[in-house]
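Reading through the structure tokens given below for one structure.
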Amino acid sequence: MWHIAKRELYDNLNSLRFALTTVLLLALMLTNAIVHLREHPKRVQKYNDAVTGYENRLASYANESLYLLAQQGPGDLHKKPSPLHFCAEGGDAFLSGTVNAGDPFMYSADMTGVWKLSYPAVTPNLENVRPDAIKLDWGFIIGYVLSLVALLFTFDAISGERERGTLRLMLANSIPRHTVLIGKFLGALISVSIPFTLSVLINLLVISTDSDLHLNAEAWERLGIIFCIALLYMSLFLALGLLVSTRVRQSAVSLVILLLVWVTLVVFMPNTLASMTGEFSPSMLSGEFWKRYRQLHQELDEKYEDRVWSDNSDIKTLTARSEYFSLHVVLDERLNEDRLNLQINQFRHARSIIRVSPVAIVQHLLESFAGTGFERHLQFIENTQRYARHFREFVVDTDRKDPKSRHLIGIREGMAEKPVSPASVPKFEDTLSLSKDFNTRAMELLLLTLFVMVLLSGAYLAFVRVEV
Amino acid sequence: MLKTLIGRELLDNLMTFRFAAAVFITLLLVVANTIVLLKDYEQRLTAYNTAVQESREDLREEKTYAGYSGTLVAHRPPNPLSIFNLGLDKQVGNKIEVYHAFVPTIWDAEKHGMDNPFLNLFTSIDIVLVFQGVLSLLALIFAYDGLAGERERGTLRLVLTHPIQRGYILLAKYISAMLCLLVPLLISLLLSIILLTTSTTLALRADDFLRIGGIVLTSLLYVSLFYLIGLCISALTRRTSTALMLCMFVWGVLVLVYPNLILTAVDIVPKPNAQISVHNQIKQMWEQLDKENKQFIRNDGVLSPPSRGGEDLAAGFGLEGVEYTFWQDEDKPSILLYFHQTGLYAGKIKAESEPQVPPVQNYYGFYNRETINTVERTWLVRKPALEAIYVQPANLGRMLLRFSPVGLYDAATEAWAGTDLEGIQDFFGTVQRYRRAVVDYFYDKKIFESRQWFAADKGTADWDALPQFSFHRSDTGINAKRALPDMLLLLTMNVILFTVVLLIFVKSEV
């Protein structure tokens with residue numbers, strides 16, 4: 001078996017396709033690294049500036065009074081850029097980088113409610129008249145280019161030998177057929193892995209020249225996983241190539257079939273399917289959202305109108321007002337969250353359906369291990385929601401410690417007016433955890449492995465039964 | 001002789017598996033994507049119609065002319081030909097305010113409400129994109145063994161024993177392959193047009209079919225270019241397997257890698273900060289207006305300073321019956337938009353304030369006139385600056401894309417469909433002219449200095465007499481003119497490649 005693999009390898013190393021693949025992958029990976037070096041410092045700078053702004057805002061309110069903190073809230077919460085952005089860009093331009101936790105409702109010039117969580121949507125292309133392109137990340141290089149290369153290395157593996165008559169020669173020896181097949185598979189795997197590994201190493205070398213972009217141990221762990229996923233994905237297309245090559249008499253026909261399958265599966269299927277399946281779990285229409293918004297507020301206003309707005313500030317009015325403010329926020333947040341959840345569900349639905357295409361699986365996997373993309377965005381939203389709860393608890397607890405306060409949150413007369421030490425206010429920290437990624441992605445990894453298994457055993461069965 | 005050759009080639013091509021596969025895949029992809037795109041178009045059209053209806057109703061509710069700020073809105077209808085090439089049609093804003101205090105541009109436009117912004121993460125695939133990927137691949141698959149295959153099998157030698165010129169053989173091969181490639185192109189287009197005509201909301205006009213014809217012609221040039229590339233490779237190589245391998249790499253580079261590589265590598269991100277001085281200049285012009293405004297009020301005996309946000313306006317120039325005053329500030333450095341406007345609304349002016357009304361009317365006549373002059377002056381610096389920030393990098397990107405046939409094809413079909421930058425600019429040009437027409441109408445009817453500008457008691461604003469906004473896509477001739485340079489480039493490349501193939505083939509030993 002190793003003998004066959006070695007022979008395959010030598011054959012491939014001398015071939016034109018090996019040289020072309022090496023050049024192509026190196027060019028792509030180098031560009032990727034250079035662009036990352038150019039863009040990433042800007043992203044980090046932007047994030048750091050935003051976080052500084054957030055902390056200053058928080059400190060200035062904390063120095064004023066607890067009341068202002070409770071009214072204005074923590075402000076914009078920012079998503080931390082991933083150091084592995086070059087692995088998968090993950091459509092970050094279409095995912096909002098902030099969640100807004102501030103923006104209290106102004107009832108009138110001198111009456112302001114309490115902050116709430118809202119999830120702004122981004123329309124990034126509004127000012128953009130540039131031509132569109134797929135971002136040149138590892139996801140693109142692996143998903144599109146590497147899969148094409150894998151097909152080009154295997155389309156003639158069996159049919160070519162049969163055409164030349166060498167297959168008959170080989171099988172005349174006492175080698176079991178599955179050994180031949182596995183030998184071929186391993187040979188192709190190693191010969192595609194060589195240029196790929198080389199280009200990945202050069203890519204990482206270039207990226208690590210910049211001292212600002214140091215990758216920590218966890219990042220290297222993630223890169224290792226991403227590399228393994230790439231190999232798995234590559235094997236899938238190698239197996240597909242072997243399967244078709246076994247079944248078809250001529251290598252040219254085999255390549256034609258493979259290319260058409262590739263174009264359909266990789267280039268067109270994910271997006272077309274996604275757009276087709278969007279229907280099945282519709283999200284809330286924006287018109288319906290505003291209708292519900294108005295309805296909820298009308299009900300609330302009717303209930304509280306006569307108790308809240310009287311001019312005398314006795315304890316009863318103040319209590320009602322505090323209750324009204326907090327109910328208002330609860331309703332708003334629930335509605336925002338409902339809409340967000342519907343949107344997420346619709347998107348998830350589409351995403352799970354396009355998993356019939358392996359390129360979608362590999363891109364989802366890459367995204368989640370690189371810490372970008374949709375799942376990461378969901379984690380970020382979850383983080384902000386947890387932080388919002390934490391922040392509210394902090395305000396209530398601090399207020400409770402003050403004996404003079406009347407414990408009416410959001411009302412100037414009802415709360416502790418003392419300033420709070422800025423250091424004690426909880427700060428938002430956006431975090432990523434590898435174990436969680438791994439659990440959510442296990443399913444997709446399994447699916448990918450299953451694809452490889454099915455295709456390989458298909459190739460084996462076809463090869464065993466084939467006439468030479 | 002040529003006919004016999006073509007006939008033989010045609011038969012050879014038509015009976016192959018690759019031809020059947022080609023037709024099947026193209027049909028499948030085009031039909032599936034047409035259905036998706038049609039649904040998307042219908043959604044956008046519904047959004048457009050609702051938005052037009054809503055803003056019309058909003059405008060009707062305004063009683064004074066000054067209230068038209070923010071309520072007089074022009075909407076951009078979705079382009080039905082965006083199904084063929086989406087271009088910028090879905091990307092840029094489709095809702096733009098018409099107001100005398102700024103000149104509307106692409107960058108000031110907003111978008112109709114989106115139901116699910118996450119769905120933006122999926123790219124839309126238009127018909128041209130399918131052709132771009134699949135037909136080019138097919139052309140190469142048809143071409144790679146055109147010469148190398150015959151040479152390998154020895155049939156080339158056989159054919160050349162007859163007294164035929166080599167050029168004829170090449171021509172016969174070219175014509176028959178093009179005929180074969182035309183089949184999937186035309187059938188799939190026909191199917192998608194049938195699908196489009198079944199839709200009740202999408203109405204294709206006669207000149208739209210001319211534009212589709214232009215797209216077909218461009219597709220033909222594009223496919224033929226790839227066929228010739230394949231033939232060139234085939235003529236250069238001895239073995240079919242090498243030719244096939246080279247073809248696939250060339251396809252991968254030209255279609256898949258180069259466009260994305262070049263757009264990622266070259267930094268074409270707009271840099272608004274480079275033009276920050278222009279923004280300051282614009283700001284200064286508005287401050288100048290503010291000064292003149294205060295000067296005017298000071299000189300006027302009846303009105304008393306200060307104006308903007310100051311006590312006098314807040315008190316409504318002492319008019320009894322003013323319900324509210326408003327001021328509008330816009331400051332967006334990234335798109336160099338800066339203006340401010342003040343105004344007031346009076347439901348019913350009381351009799352004792354009646355002597356105050358003519359000076360206020362006079363003031364608004366002056367203020368609005370000066371505002372429009374300021375806008376004209378800021379536009380002189382804003383327009384070139386916007387071009388420098390947004391259009392030039394985009395054009396650089398498009399220029400670089402043209403080094404690949406894919407870029408040329410995309411640009412030409414966008415121009416035919418009218419979804420290119422110029423096609424979209426047509427709309428904003430129309431909106432700019434409409435703004436001018438509204439301003440002229442206000443001048444003509446002396447509305448700027450009328451009582452109805454701010455008061456609703458003696459006659460309210462008559463919105464029906466206002467010029468109506470209407471937008472028509474440009475003529476087919478203009479589309480053709482825009483598509484022509486790219487098509488000519490494609491044609492030239494075709495001719496050059498054909499000559500090259502011919503030369504190689506004539507010189508080569510069999």
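The chains in the structure tokens are called A, B, ... from first to last as shown; in each chain the residues are counted from 1, and the ligands are counted from 1 in the order shown.
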
Excluding Val244 (chain A) and its own-chain neighbours fewer than 4 positions away, which residues fall within 9 Å of it when counting only C-alpha atoms? Please give them as a list of chain:residue names. A:Phe155, A:Ser159, A:Ala239, A:Leu240, A:Val248, A:Ser254, A:Leu255, A:Ile257, A:Leu258, A:Ala459

Residues of chain A were defined as contacting chain B if any atom lay at most 6 Å from it, counting only C-alpha atoms; please report them as JSON, numbers by chain. {"A": [91, 125, 126, 127, 130, 133, 134, 271, 285, 286, 343]}

Counting only C-alpha atoms, what is within 8 Å of Arg482 (chain B), bar same-chain residues fewer than 5 positions away, as a list in words? Ala412, Ala415 and Trp416 of chain B

DSSP strand (DSSP E or B) selection over region 25-165 of chain A, as a ChimeraX atom specification: /A:75-78,98-102,106-108,111-112,116-118

Just to be explicit: take each residue in the selection above, keep N, CA and C atoms, and write the result as a compact mmCIF listing (two decimals), in the first residue's frame.
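Generated file (selection.txt):
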```
# COMPACT_ATOMS: atom_id res chain seq x y z
N GLY A 75 -24.50 51.79 27.67
CA GLY A 75 -24.19 52.29 26.34
C GLY A 75 -23.89 51.19 25.35
N ASP A 76 -23.21 51.56 24.26
CA ASP A 76 -22.92 50.58 23.21
C ASP A 76 -21.94 49.52 23.70
N LEU A 77 -22.30 48.26 23.46
CA LEU A 77 -21.40 47.15 23.80
C LEU A 77 -20.80 46.63 22.50
N HIS A 78 -19.48 46.44 22.50
CA HIS A 78 -18.81 46.16 21.23
C HIS A 78 -18.31 44.74 21.14
N THR A 98 -22.17 45.92 17.29
CA THR A 98 -22.54 46.47 18.59
C THR A 98 -23.94 46.01 18.98
N VAL A 99 -24.16 45.99 20.28
CA VAL A 99 -25.52 45.89 20.80
C VAL A 99 -25.70 47.13 21.65
N ASN A 100 -26.85 47.75 21.50
CA ASN A 100 -27.06 49.01 22.20
C ASN A 100 -27.75 48.78 23.55
N ALA A 101 -27.06 49.17 24.61
CA ALA A 101 -27.66 49.09 25.94
C ALA A 101 -27.66 50.49 26.53
N GLY A 102 -28.56 51.28 26.10
CA GLY A 102 -28.62 52.67 26.55
C GLY A 102 -29.88 53.26 25.97
N MET A 106 -37.35 59.08 25.86
CA MET A 106 -37.62 60.43 26.37
C MET A 106 -39.13 60.66 26.31
N TYR A 107 -39.75 60.75 27.48
CA TYR A 107 -41.21 60.98 27.49
C TYR A 107 -41.50 62.44 27.23
N SER A 108 -40.67 63.30 27.83
CA SER A 108 -40.79 64.73 27.55
C SER A 108 -39.42 65.32 27.86
N MET A 111 -38.44 64.45 31.36
CA MET A 111 -38.82 63.14 31.89
C MET A 111 -38.22 62.05 30.99
N THR A 112 -37.25 61.33 31.55
CA THR A 112 -36.55 60.32 30.76
C THR A 112 -36.73 58.96 31.41
N LYS A 116 -32.50 50.44 27.69
CA LYS A 116 -32.94 49.11 27.28
C LYS A 116 -31.94 48.51 26.29
N LEU A 117 -32.06 47.20 26.11
CA LEU A 117 -31.22 46.52 25.13
C LEU A 117 -31.90 46.56 23.77
N SER A 118 -31.16 46.96 22.74
CA SER A 118 -31.72 46.82 21.39
C SER A 118 -30.61 46.36 20.46
```

If you count only C-alpha atoms, which residues fall within 12 Å of Asp426 (chain B), apart from same-chain ones fewer than 2 positions away, as number ranges by chain? B: 76, 105-106, 415, 418-424, 428-433, 471-475, 478-479

Just write the chosen residues, C-alpha atoms, as a short mmCIF file (atom, residue, chain, number, x, y, z; two decimals), in the first residue's frame.
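Contents of selection.cif, freshly written:
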```
data_model
loop_
_atom_site.label_atom_id
_atom_site.label_comp_id
_atom_site.auth_asym_id
_atom_site.auth_seq_id
_atom_site.Cartn_x
_atom_site.Cartn_y
_atom_site.Cartn_z
CA ARG B 76 -36.25 53.99 -6.56
CA THR B 105 -26.98 61.80 -4.03
CA ILE B 106 -26.60 58.01 -3.86
CA ALA B 415 -24.65 48.26 -18.38
CA GLY B 418 -29.01 49.28 -16.24
CA THR B 419 -27.89 48.14 -12.81
CA ASP B 420 -24.38 49.56 -13.11
CA LEU B 421 -23.26 52.67 -11.29
CA GLU B 422 -24.27 54.91 -14.19
CA GLY B 423 -27.70 53.32 -14.39
CA ILE B 424 -28.24 53.96 -10.69
CA PHE B 428 -30.30 60.16 -8.66
CA GLY B 429 -29.79 62.56 -11.57
CA THR B 430 -33.55 62.50 -12.05
CA VAL B 431 -34.07 63.16 -8.34
CA GLN B 432 -31.67 66.10 -8.50
CA ARG B 433 -33.58 67.53 -11.44
CA PHE B 471 -38.44 58.03 -13.18
CA HIS B 472 -37.89 56.15 -16.40
CA ARG B 473 -34.91 53.98 -17.05
CA SER B 474 -32.60 55.28 -19.72
CA ASP B 475 -33.14 54.43 -23.40
CA ILE B 478 -27.79 54.74 -23.83
CA ASN B 479 -27.48 51.25 -22.33
#
```

Could you pull out the alpha helix (DSSP H) residues of region 81-169 of chain A from DSSP and send them as a PyMOL selection string? chain A and resi 138-140+147-154+159-164+166-169

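CA of Ile229 (chain A) lies 18.1 Å from CA of Leu136 (chain A).
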
Which residue, B:Phe448, B:Tyr222, B:Phe454, B:Tyr227, has the smallest gap to Gly321 (chain B) when you use only C-alpha atoms? B:Phe454
